[in-house]
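Raw contents of final.cif, mmCIF, C-alpha atoms, pLDDT in the B column; chains and numbers go by the auth columns:
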```
data_target
#
loop_
_atom_site.group_PDB
_atom_site.id
_atom_site.type_symbol
_atom_site.label_atom_id
_atom_site.label_comp_id
_atom_site.label_asym_id
_atom_site.label_seq_id
_atom_site.Cartn_x
_atom_site.Cartn_y
_atom_site.Cartn_z
_atom_site.B_iso_or_equiv
_atom_site.auth_seq_id
_atom_site.auth_asym_id
ATOM 1 C CA MET A 1 64.482 -68.316 -8.417 39.00 1 A
ATOM 2 C CA PRO A 2 64.441 -71.798 -10.014 41.00 2 A
ATOM 3 C CA GLU A 3 61.722 -74.206 -8.988 44.00 3 A
ATOM 4 C CA ALA A 4 62.811 -77.216 -6.935 46.00 4 A
ATOM 5 C CA PRO A 5 62.211 -80.671 -8.482 53.00 5 A
ATOM 6 C CA ALA A 6 58.738 -81.986 -7.692 71.00 6 A
ATOM 7 C CA THR A 7 56.982 -85.297 -7.190 88.00 7 A
ATOM 8 C CA SER A 8 53.429 -85.189 -8.515 92.00 8 A
ATOM 9 C CA GLY A 9 50.177 -87.122 -8.437 94.00 9 A
ATOM 10 C CA GLU A 10 46.467 -86.785 -8.957 93.00 10 A
ATOM 11 C CA ARG A 11 43.229 -88.201 -7.630 93.00 11 A
ATOM 12 C CA LEU A 12 39.826 -88.509 -9.260 93.00 12 A
ATOM 13 C CA LEU A 13 37.041 -87.204 -7.043 91.00 13 A
ATOM 14 C CA PRO A 14 33.299 -87.033 -7.756 90.00 14 A
ATOM 15 C CA GLN A 15 33.756 -83.322 -8.434 85.00 15 A
ATOM 16 C CA GLY A 16 36.728 -83.767 -10.772 92.00 16 A
ATOM 17 C CA VAL A 17 40.486 -84.285 -10.686 94.00 17 A
ATOM 18 C CA ILE A 18 42.807 -82.694 -8.175 95.00 18 A
ATOM 19 C CA ARG A 19 46.493 -82.589 -9.075 95.00 19 A
ATOM 20 C CA TRP A 20 49.272 -82.109 -6.546 96.00 20 A
ATOM 21 C CA TRP A 21 53.008 -81.495 -6.472 95.00 21 A
ATOM 22 C CA ARG A 22 55.438 -82.096 -3.624 95.00 22 A
ATOM 23 C CA ASN A 23 58.682 -80.175 -3.307 94.00 23 A
ATOM 24 C CA GLY A 24 61.199 -81.003 -0.605 93.00 24 A
ATOM 25 C CA ALA A 25 62.241 -83.939 1.538 89.00 25 A
ATOM 26 C CA VAL A 26 59.763 -86.459 2.903 86.00 26 A
ATOM 27 C CA ARG A 27 61.304 -86.204 6.381 86.00 27 A
ATOM 28 C CA ALA A 28 61.397 -82.426 6.730 87.00 28 A
ATOM 29 C CA PRO A 29 60.450 -81.019 10.163 89.00 29 A
ATOM 30 C CA ALA A 30 57.234 -79.546 8.745 95.00 30 A
ATOM 31 C CA LEU A 31 55.035 -79.612 5.652 96.00 31 A
ATOM 32 C CA TYR A 32 52.996 -76.759 4.194 98.00 32 A
ATOM 33 C CA LEU A 33 49.877 -77.833 2.265 98.00 33 A
ATOM 34 C CA CYS A 34 49.232 -74.885 -0.029 98.00 34 A
ATOM 35 C CA ALA A 35 46.242 -74.064 -2.265 98.00 35 A
ATOM 36 C CA HIS A 36 46.329 -71.573 -5.145 98.00 36 A
ATOM 37 C CA GLY A 37 44.239 -68.437 -5.578 97.00 37 A
ATOM 38 C CA ALA A 38 41.153 -68.049 -7.755 95.00 38 A
ATOM 39 C CA GLY A 39 42.832 -66.956 -10.966 91.00 39 A
ATOM 40 C CA ALA A 40 46.162 -68.771 -11.256 93.00 40 A
ATOM 41 C CA PRO A 41 47.205 -72.428 -10.801 94.00 41 A
ATOM 42 C CA SER A 42 49.886 -74.019 -8.670 94.00 42 A
ATOM 43 C CA SER A 43 52.352 -73.514 -11.527 92.00 43 A
ATOM 44 C CA SER A 44 52.102 -69.716 -11.297 93.00 44 A
ATOM 45 C CA VAL A 45 55.225 -67.654 -10.631 92.00 45 A
ATOM 46 C CA PHE A 46 53.974 -66.834 -7.143 95.00 46 A
ATOM 47 C CA MET A 47 53.211 -70.432 -6.168 95.00 47 A
ATOM 48 C CA GLN A 48 56.524 -71.652 -7.552 94.00 48 A
ATOM 49 C CA ALA A 49 58.366 -68.953 -5.619 94.00 49 A
ATOM 50 C CA VAL A 50 56.608 -69.926 -2.384 96.00 50 A
ATOM 51 C CA SER A 51 57.386 -73.592 -2.936 95.00 51 A
ATOM 52 C CA THR A 52 61.041 -73.117 -3.849 94.00 52 A
ATOM 53 C CA GLY A 53 61.637 -70.488 -1.166 96.00 53 A
ATOM 54 C CA LEU A 54 60.211 -72.628 1.618 96.00 54 A
ATOM 55 C CA VAL A 55 62.054 -75.740 0.444 95.00 55 A
ATOM 56 C CA GLN A 56 65.294 -73.737 0.567 95.00 56 A
ATOM 57 C CA ARG A 57 64.413 -72.994 4.189 96.00 57 A
ATOM 58 C CA GLY A 58 63.907 -76.657 5.076 95.00 58 A
ATOM 59 C CA ILE A 59 60.124 -76.873 4.669 96.00 59 A
ATOM 60 C CA THR A 60 58.392 -79.451 2.466 96.00 60 A
ATOM 61 C CA VAL A 61 55.581 -78.022 0.318 97.00 61 A
ATOM 62 C CA VAL A 62 52.612 -79.787 -1.257 97.00 62 A
ATOM 63 C CA ARG A 63 50.608 -77.538 -3.583 97.00 63 A
ATOM 64 C CA PHE A 64 47.582 -78.574 -5.552 97.00 64 A
ATOM 65 C CA ASP A 65 45.126 -77.514 -8.239 97.00 65 A
ATOM 66 C CA PHE A 66 41.405 -77.517 -7.537 97.00 66 A
ATOM 67 C CA PRO A 67 39.254 -79.456 -10.047 95.00 67 A
ATOM 68 C CA TYR A 68 38.140 -76.327 -11.905 95.00 68 A
ATOM 69 C CA MET A 69 41.763 -75.447 -12.582 94.00 69 A
ATOM 70 C CA THR A 70 42.551 -78.895 -13.955 92.00 70 A
ATOM 71 C CA ARG A 71 39.585 -78.496 -16.311 89.00 71 A
ATOM 72 C CA ALA A 72 40.874 -75.181 -17.657 81.00 72 A
ATOM 73 C CA THR A 73 42.207 -75.242 -21.201 68.00 73 A
ATOM 74 C CA ARG A 74 45.354 -73.404 -22.210 62.00 74 A
ATOM 75 C CA GLY A 75 44.650 -69.705 -22.604 60.00 75 A
ATOM 76 C CA ARG A 76 41.163 -69.888 -21.099 70.00 76 A
ATOM 77 C CA ARG A 77 40.452 -68.972 -17.495 75.00 77 A
ATOM 78 C CA ALA A 78 38.069 -71.272 -15.623 80.00 78 A
ATOM 79 C CA LEU A 79 35.659 -70.044 -12.970 88.00 79 A
ATOM 80 C CA PRO A 80 36.102 -71.480 -9.456 93.00 80 A
ATOM 81 C CA ASP A 81 33.876 -74.320 -8.343 93.00 81 A
ATOM 82 C CA SER A 82 31.319 -73.816 -5.592 95.00 82 A
ATOM 83 C CA ALA A 83 32.591 -73.466 -2.037 96.00 83 A
ATOM 84 C CA ASP A 84 31.324 -76.965 -1.241 95.00 84 A
ATOM 85 C CA VAL A 85 33.451 -78.488 -4.009 95.00 85 A
ATOM 86 C CA LEU A 86 36.492 -76.437 -3.009 97.00 86 A
ATOM 87 C CA LEU A 87 36.130 -77.539 0.614 96.00 87 A
ATOM 88 C CA GLU A 88 35.728 -81.185 -0.394 95.00 88 A
ATOM 89 C CA SER A 89 38.914 -80.847 -2.428 96.00 89 A
ATOM 90 C CA CYS A 90 40.777 -79.431 0.563 96.00 90 A
ATOM 91 C CA GLN A 91 39.568 -82.350 2.668 95.00 91 A
ATOM 92 C CA ALA A 92 40.696 -84.817 0.001 95.00 92 A
ATOM 93 C CA MET A 93 44.169 -83.260 -0.111 96.00 93 A
ATOM 94 C CA LEU A 94 44.317 -83.331 3.661 95.00 94 A
ATOM 95 C CA ASP A 95 43.594 -87.062 3.576 93.00 95 A
ATOM 96 C CA ILE A 96 46.272 -87.584 0.906 94.00 96 A
ATOM 97 C CA VAL A 97 48.921 -85.793 2.936 94.00 97 A
ATOM 98 C CA ARG A 98 48.005 -87.251 6.331 91.00 98 A
ATOM 99 C CA SER A 99 48.073 -90.767 4.890 91.00 99 A
ATOM 100 C CA GLY A 100 51.569 -90.246 3.512 90.00 100 A
ATOM 101 C CA ASP A 101 50.422 -90.694 -0.099 91.00 101 A
ATOM 102 C CA ALA A 102 52.204 -87.472 -1.095 89.00 102 A
ATOM 103 C CA THR A 103 55.344 -88.177 0.957 87.00 103 A
ATOM 104 C CA ASP A 104 56.343 -91.733 0.066 87.00 104 A
ATOM 105 C CA GLY A 105 54.301 -93.261 2.875 87.00 105 A
ATOM 106 C CA ILE A 106 55.738 -91.045 5.611 86.00 106 A
ATOM 107 C CA ALA A 107 53.194 -88.831 7.385 85.00 107 A
ATOM 108 C CA PRO A 108 54.475 -85.281 8.053 90.00 108 A
ATOM 109 C CA ALA A 109 55.793 -84.508 11.530 88.00 109 A
ATOM 110 C CA ARG A 110 54.019 -81.131 11.508 93.00 110 A
ATOM 111 C CA LEU A 111 51.328 -80.078 9.045 96.00 111 A
ATOM 112 C CA VAL A 112 50.418 -76.454 8.319 98.00 112 A
ATOM 113 C CA VAL A 113 47.696 -75.573 5.790 98.00 113 A
ATOM 114 C CA GLY A 114 46.814 -72.434 3.888 98.00 114 A
ATOM 115 C CA GLY A 115 47.553 -70.791 0.591 98.00 115 A
ATOM 116 C CA LYS A 116 47.178 -67.839 -1.713 98.00 116 A
ATOM 117 C CA SER A 117 44.058 -65.675 -1.404 98.00 117 A
ATOM 118 C CA MET A 118 40.995 -67.875 -2.099 98.00 118 A
ATOM 119 C CA GLY A 119 42.981 -71.041 -1.367 98.00 119 A
ATOM 120 C CA GLY A 120 43.852 -69.798 2.102 98.00 120 A
ATOM 121 C CA ARG A 121 40.282 -68.715 2.716 98.00 121 A
ATOM 122 C CA MET A 122 38.994 -72.201 1.848 98.00 122 A
ATOM 123 C CA TRP A 123 41.342 -73.755 4.392 98.00 123 A
ATOM 124 C CA SER A 124 40.164 -71.268 7.014 97.00 124 A
ATOM 125 C CA MET A 125 36.546 -72.226 6.346 97.00 125 A
ATOM 126 C CA LEU A 126 37.374 -75.927 6.698 96.00 126 A
ATOM 127 C CA LEU A 127 39.214 -75.309 9.963 96.00 127 A
ATOM 128 C CA ALA A 128 36.340 -73.261 11.331 95.00 128 A
ATOM 129 C CA SER A 129 33.715 -75.840 10.405 91.00 129 A
ATOM 130 C CA GLN A 130 35.229 -79.034 11.762 82.00 130 A
ATOM 131 C CA ALA A 131 38.688 -78.466 13.274 72.00 131 A
ATOM 132 C CA PRO A 132 40.398 -81.354 11.432 73.00 132 A
ATOM 133 C CA PRO A 133 42.946 -83.171 13.605 76.00 133 A
ATOM 134 C CA ALA A 134 46.695 -83.218 12.996 86.00 134 A
ATOM 135 C CA ILE A 135 46.823 -79.635 11.674 95.00 135 A
ATOM 136 C CA ALA A 136 49.273 -77.492 13.614 95.00 136 A
ATOM 137 C CA ALA A 137 48.527 -74.063 12.144 97.00 137 A
ATOM 138 C CA ALA A 138 47.238 -72.034 9.194 98.00 138 A
ATOM 139 C CA LEU A 139 49.255 -69.645 7.015 98.00 139 A
ATOM 140 C CA TYR A 140 47.491 -67.222 4.664 98.00 140 A
ATOM 141 C CA LEU A 141 49.306 -65.420 1.837 98.00 141 A
ATOM 142 C CA GLY A 142 47.185 -62.433 0.863 98.00 142 A
ATOM 143 C CA TYR A 143 43.994 -63.340 2.725 98.00 143 A
ATOM 144 C CA PRO A 144 40.966 -61.911 0.810 98.00 144 A
ATOM 145 C CA LEU A 145 39.316 -60.086 3.691 98.00 145 A
ATOM 146 C CA HIS A 146 36.717 -58.457 1.425 97.00 146 A
ATOM 147 C CA PRO A 147 35.846 -58.247 -2.296 94.00 147 A
ATOM 148 C CA PRO A 148 37.628 -55.511 -4.288 91.00 148 A
ATOM 149 C CA GLY A 149 36.098 -52.135 -3.526 90.00 149 A
ATOM 150 C CA LYS A 150 33.657 -53.586 -0.984 94.00 150 A
ATOM 151 C CA PRO A 151 35.354 -53.292 2.418 94.00 151 A
ATOM 152 C CA ALA A 152 32.036 -53.569 4.257 94.00 152 A
ATOM 153 C CA ARG A 153 31.650 -57.198 3.153 96.00 153 A
ATOM 154 C CA LEU A 154 34.137 -58.723 5.545 96.00 154 A
ATOM 155 C CA ARG A 155 35.041 -62.419 5.394 96.00 155 A
ATOM 156 C CA SER A 156 36.386 -62.685 8.915 96.00 156 A
ATOM 157 C CA ALA A 157 33.660 -63.809 11.329 95.00 157 A
ATOM 158 C CA HIS A 158 34.540 -67.501 11.060 96.00 158 A
ATOM 159 C CA LEU A 159 38.229 -66.910 11.765 97.00 159 A
ATOM 160 C CA GLN A 160 37.561 -66.533 15.490 95.00 160 A
ATOM 161 C CA SER A 161 36.354 -70.150 15.623 94.00 161 A
ATOM 162 C CA ILE A 162 39.694 -71.561 14.464 95.00 162 A
ATOM 163 C CA LEU A 163 41.626 -73.115 17.325 93.00 163 A
ATOM 164 C CA VAL A 164 45.104 -73.411 15.786 95.00 164 A
ATOM 165 C CA PRO A 165 47.587 -70.524 15.411 97.00 165 A
ATOM 166 C CA GLN A 166 47.078 -68.397 12.298 98.00 166 A
ATOM 167 C CA LEU A 167 49.532 -66.147 10.453 98.00 167 A
ATOM 168 C CA PHE A 168 48.349 -63.578 7.918 98.00 168 A
ATOM 169 C CA ILE A 169 51.005 -62.275 5.519 98.00 169 A
ATOM 170 C CA SER A 170 49.503 -59.317 3.701 98.00 170 A
ATOM 171 C CA GLY A 171 50.649 -56.431 1.522 97.00 171 A
ATOM 172 C CA SER A 172 50.023 -52.914 2.755 97.00 172 A
ATOM 173 C CA ARG A 173 48.517 -52.073 -0.673 96.00 173 A
ATOM 174 C CA ASP A 174 46.299 -55.147 -0.889 96.00 174 A
ATOM 175 C CA SER A 175 43.019 -54.122 -2.543 96.00 175 A
ATOM 176 C CA LEU A 176 41.295 -57.181 -1.036 97.00 176 A
ATOM 177 C CA ALA A 177 42.384 -56.469 2.534 97.00 177 A
ATOM 178 C CA ARG A 178 42.471 -52.897 3.758 97.00 178 A
ATOM 179 C CA LEU A 179 45.239 -52.883 6.305 97.00 179 A
ATOM 180 C CA GLU A 180 43.319 -51.139 9.072 97.00 180 A
ATOM 181 C CA LEU A 181 40.457 -53.617 8.687 98.00 181 A
ATOM 182 C CA LEU A 182 42.775 -56.607 8.653 98.00 182 A
ATOM 183 C CA ARG A 183 44.604 -55.386 11.754 98.00 183 A
ATOM 184 C CA ALA A 184 41.292 -54.964 13.551 97.00 184 A
ATOM 185 C CA ALA A 185 40.153 -58.440 12.527 97.00 185 A
ATOM 186 C CA VAL A 186 43.392 -60.131 13.570 97.00 186 A
ATOM 187 C CA ASP A 187 43.277 -58.380 16.943 97.00 187 A
ATOM 188 C CA THR A 188 40.008 -60.189 17.724 95.00 188 A
ATOM 189 C CA ILE A 189 41.288 -63.673 16.792 95.00 189 A
ATOM 190 C CA PRO A 190 42.934 -65.833 19.454 90.00 190 A
ATOM 191 C CA ARG A 191 46.448 -67.007 18.526 94.00 191 A
ATOM 192 C CA ALA A 192 46.564 -64.928 15.330 97.00 192 A
ATOM 193 C CA ARG A 193 49.412 -62.807 13.993 97.00 193 A
ATOM 194 C CA LEU A 194 49.855 -60.383 11.108 98.00 194 A
ATOM 195 C CA HIS A 195 52.999 -59.738 9.075 98.00 195 A
ATOM 196 C CA VAL A 196 52.743 -56.726 6.776 98.00 196 A
ATOM 197 C CA VAL A 197 54.726 -56.525 3.542 97.00 197 A
ATOM 198 C CA GLU A 198 55.201 -52.772 3.221 96.00 198 A
ATOM 199 C CA GLY A 199 54.362 -51.666 -0.298 95.00 199 A
ATOM 200 C CA GLY A 200 53.105 -55.132 -1.234 95.00 200 A
ATOM 201 C CA ASP A 201 49.974 -55.753 -3.283 96.00 201 A
ATOM 202 C CA HIS A 202 47.575 -58.714 -3.149 96.00 202 A
ATOM 203 C CA SER A 203 50.394 -60.980 -4.372 95.00 203 A
ATOM 204 C CA LEU A 204 52.833 -59.432 -1.872 96.00 204 A
ATOM 205 C CA ALA A 205 54.681 -57.882 -4.837 94.00 205 A
ATOM 206 C CA LEU A 206 56.385 -54.507 -4.569 92.00 206 A
ATOM 207 C CA GLY A 207 56.083 -53.898 -8.314 86.00 207 A
ATOM 208 C CA LYS A 208 54.936 -55.514 -11.551 80.00 208 A
ATOM 209 C CA LYS A 209 58.357 -55.657 -13.202 77.00 209 A
ATOM 210 C CA ARG A 210 60.072 -57.456 -10.304 78.00 210 A
ATOM 211 C CA PRO A 211 57.282 -59.253 -8.427 79.00 211 A
ATOM 212 C CA LEU A 212 59.603 -61.266 -6.161 81.00 212 A
ATOM 213 C CA ASP A 213 61.551 -58.308 -4.762 82.00 213 A
ATOM 214 C CA GLY A 214 61.475 -58.462 -0.975 83.00 214 A
ATOM 215 C CA SER A 215 60.125 -62.014 -0.884 93.00 215 A
ATOM 216 C CA ASP A 216 63.086 -63.337 1.121 94.00 216 A
ATOM 217 C CA THR A 217 61.873 -61.421 4.168 95.00 217 A
ATOM 218 C CA TRP A 218 58.313 -62.735 4.223 97.00 218 A
ATOM 219 C CA LEU A 219 59.456 -66.225 3.239 98.00 219 A
ATOM 220 C CA ASP A 220 61.717 -66.194 6.315 98.00 220 A
ATOM 221 C CA VAL A 221 58.702 -65.226 8.420 98.00 221 A
ATOM 222 C CA ALA A 222 56.554 -67.935 6.823 98.00 222 A
ATOM 223 C CA ALA A 223 59.169 -70.663 7.304 97.00 223 A
ATOM 224 C CA GLY A 224 59.726 -69.686 10.924 97.00 224 A
ATOM 225 C CA PHE A 225 55.993 -69.870 11.611 98.00 225 A
ATOM 226 C CA ILE A 226 55.624 -73.252 9.886 97.00 226 A
ATOM 227 C CA ARG A 227 58.472 -74.688 11.965 95.00 227 A
ATOM 228 C CA ASP A 228 57.148 -73.228 15.216 94.00 228 A
ATOM 229 C CA PRO A 229 53.625 -71.727 15.109 92.00 229 A
ATOM 230 C CA GLY A 230 53.761 -70.995 18.830 83.00 230 A
#
```

Same coordinates, now as C-alpha cells:
Amino acid sequence: MPEAPATSGERLLPQGVIRWWRNGAVRAPALYLCAHGAGAPSSSVFMQAVSTGLVQRGITVVRFDFPYMTRATRGRRALPDSADVLLESCQAMLDIVRSGDATDGIAPARLVVGGKSMGGRMWSMLLASQAPPAIAAALYLGYPLHPPGKPARLRSAHLQSILVPQLFISGSRDSLARLELLRAAVDTIPRARLHVVEGGDHSLALGKKRPLDGSDTWLDVAAGFIRDPG
C-alpha cells in the first residue's frame, strides 16, 4: 500500500520539536489527528498504512512525532518523554489543527483524535482532564489497557470521564489488552464501542510476514466512525 503524498511542518515547543504530516484534502468531511505508539514514529509501516488507508476512504489524516521521537538518532530508540510533555505536545498539535495551520488555513469540519497504543492513550488522558472543544470523537488503535503481563494494572478509570464517542479497535491476541478485560471496560464507558480484529496482535496484524492482511476491514470501520461517530 503506497503512502499518499504528504504536506509537513514542525513547531518548536519548550519541550522540543514536534513534526507533523498531513495526508489528504484540506476540505475532507473529517480529519483524524493521529499520534504514534511508544516505540515507532509516524513513518512506521503501521502509521503509513493507517494514513494511506483512511485517505483512500475520504478522510484527511494528520500524524505527528512527539519531541522524544524527533530527538532519536537513526538506529537508536529514544525513551518516551514524561506524560506531562506528551500531553502538552498533544495540546500543541490540537491547536495547530484547529487553527488551520496544518490544512492551508481551513479548519476541519469534524475532528477526531487518537492514535496507536501510547499515542491513543495520551489523547484519552487529555480528553478526560479538560474536554477540549471542537473534538467530535476519539479512535484508539490498539489501546494499551495494561502493561504486558500485568493485567491487574488497568489504565481505564479515566475513560469513563470522556464525553465524546470512543471507538477501540483491538486485536484478539493483544498482549496489552486482554480481550475479556477490554470488553468489560468498554461496557462501563458511555458512548464507547469495541471492534475486535480476530487473530490480531497489538498492531492489529494477523502475522509478522504480512502485517497488513485484513486491514481493509478495520480501516473501513475506522473511516465510518470518523465520518459519523454517532

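Residues lying at most 12 Å from (59.3, -79.8, 13.4) in file coordinates, with all atoms listed in the file considered, are Arg27, Ala28, Pro29, Ala30, Leu31, Tyr32, Gly58, Ile59, Thr60, Pro108, Ala109, Arg110, Leu111, Val112, Ala136, Ala223, Gly224, Phe225, Ile226, Arg227, Asp228, Pro229 and Gly230 of chain A.
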
Check your understanding: Which neighbours of Asp101 in chain A fall inside 12 Å, counting all atoms listed in the file, when residues of the same chain fewer than 2 positions from it are skipped, and could you give them as a VMD selection string?
Key -> chain A and resid 7 to 11 20 to 22 26 62 92 to 99 103 to 108

Practice item. For the structure provided, state which residues fall under the PyMOL selection byres ((chain A and resi 179) around 12), and present them as a ChimeraX atom specification. Key: /A:142-146,151,168-178,180-186,194-202

Point to revise | Long-range neighbours of Ala192 in chain A as a list in words, 9 Å cut-off, all atoms listed in the file, 2 positions minimum in chain | key: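 Contacts, in chain order: Val164, Pro165, Gln166, Leu167, Phe168, Val186, Asp187, Thr188, Ile189, Pro190 and Leu194 of chain A.
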
Check your understanding: Residues at most 9 Å from range 34-40 of chain A, counting all atoms listed in the file, excluding those fewer than 4 positions away in the same chain, as a list in words?
Key -> Ser44, Met47, Ser51, Val61, Val62, Arg63, Phe64, Asp65, Phe66, Met69, Arg77, Ala78, Leu79, Pro80, Cys90, Val112, Val113, Gly114, Gly115, Lys116, Ser117, Met118, Gly119, Gly120, Met122, Trp123 and Leu139 of chain A

Would you put the residues from that selection into a file with C-alpha atoms, as a short mmCIF file (atom, residue, chain, number, x, y, z; two decimals), keeping the file's coordinate frame?
```
data_model
loop_
_atom_site.label_atom_id
_atom_site.label_comp_id
_atom_site.auth_asym_id
_atom_site.auth_seq_id
_atom_site.Cartn_x
_atom_site.Cartn_y
_atom_site.Cartn_z
CA SER A 44 52.10 -69.72 -11.30
CA MET A 47 53.21 -70.43 -6.17
CA SER A 51 57.39 -73.59 -2.94
CA VAL A 61 55.58 -78.02 0.32
CA VAL A 62 52.61 -79.79 -1.26
CA ARG A 63 50.61 -77.54 -3.58
CA PHE A 64 47.58 -78.57 -5.55
CA ASP A 65 45.13 -77.51 -8.24
CA PHE A 66 41.40 -77.52 -7.54
CA MET A 69 41.76 -75.45 -12.58
CA ARG A 77 40.45 -68.97 -17.50
CA ALA A 78 38.07 -71.27 -15.62
CA LEU A 79 35.66 -70.04 -12.97
CA PRO A 80 36.10 -71.48 -9.46
CA CYS A 90 40.78 -79.43 0.56
CA VAL A 112 50.42 -76.45 8.32
CA VAL A 113 47.70 -75.57 5.79
CA GLY A 114 46.81 -72.43 3.89
CA GLY A 115 47.55 -70.79 0.59
CA LYS A 116 47.18 -67.84 -1.71
CA SER A 117 44.06 -65.68 -1.40
CA MET A 118 41.00 -67.88 -2.10
CA GLY A 119 42.98 -71.04 -1.37
CA GLY A 120 43.85 -69.80 2.10
CA MET A 122 38.99 -72.20 1.85
CA TRP A 123 41.34 -73.76 4.39
CA LEU A 139 49.26 -69.64 7.02
#
```

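Going from CA of Leu126 in chain A over to CA of Tyr140 in chain A, you cover 13.5 Å.
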
N, CA and C atoms are needed for range 104-117 of chain A; please write them out as a compact mmCIF listing (two decimals), in the coordinates of the input.
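The new file part32.txt reads:
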```
# COMPACT_ATOMS: atom_id res chain seq x y z
N ASP A 104 55.74 -90.39 0.10
CA ASP A 104 56.34 -91.73 0.07
C ASP A 104 56.00 -92.58 1.29
N GLY A 105 54.77 -92.45 1.76
CA GLY A 105 54.30 -93.26 2.88
C GLY A 105 54.65 -92.75 4.25
N ILE A 106 55.32 -91.60 4.32
CA ILE A 106 55.74 -91.04 5.61
C ILE A 106 54.86 -89.85 5.94
N ALA A 107 54.05 -89.94 6.99
CA ALA A 107 53.19 -88.83 7.38
C ALA A 107 54.04 -87.67 7.90
N PRO A 108 53.66 -86.42 7.61
CA PRO A 108 54.48 -85.28 8.05
C PRO A 108 54.50 -85.14 9.57
N ALA A 109 55.66 -84.72 10.09
CA ALA A 109 55.79 -84.51 11.53
C ALA A 109 54.93 -83.34 12.00
N ARG A 110 54.87 -82.28 11.20
CA ARG A 110 54.02 -81.13 11.51
C ARG A 110 53.37 -80.68 10.22
N LEU A 111 52.07 -80.45 10.24
CA LEU A 111 51.33 -80.08 9.04
C LEU A 111 50.69 -78.71 9.24
N VAL A 112 51.00 -77.80 8.34
CA VAL A 112 50.42 -76.45 8.32
C VAL A 112 49.69 -76.29 6.98
N VAL A 113 48.48 -75.74 7.01
CA VAL A 113 47.70 -75.57 5.79
C VAL A 113 47.49 -74.10 5.50
N GLY A 114 47.09 -73.81 4.27
CA GLY A 114 46.81 -72.43 3.89
C GLY A 114 46.98 -72.24 2.41
N GLY A 115 47.35 -71.03 2.00
CA GLY A 115 47.55 -70.79 0.59
C GLY A 115 47.36 -69.35 0.20
N LYS A 116 47.29 -69.16 -1.11
CA LYS A 116 47.18 -67.84 -1.71
C LYS A 116 45.72 -67.43 -1.81
N SER A 117 45.37 -66.30 -1.23
CA SER A 117 44.06 -65.68 -1.40
C SER A 117 42.91 -66.66 -1.19
```
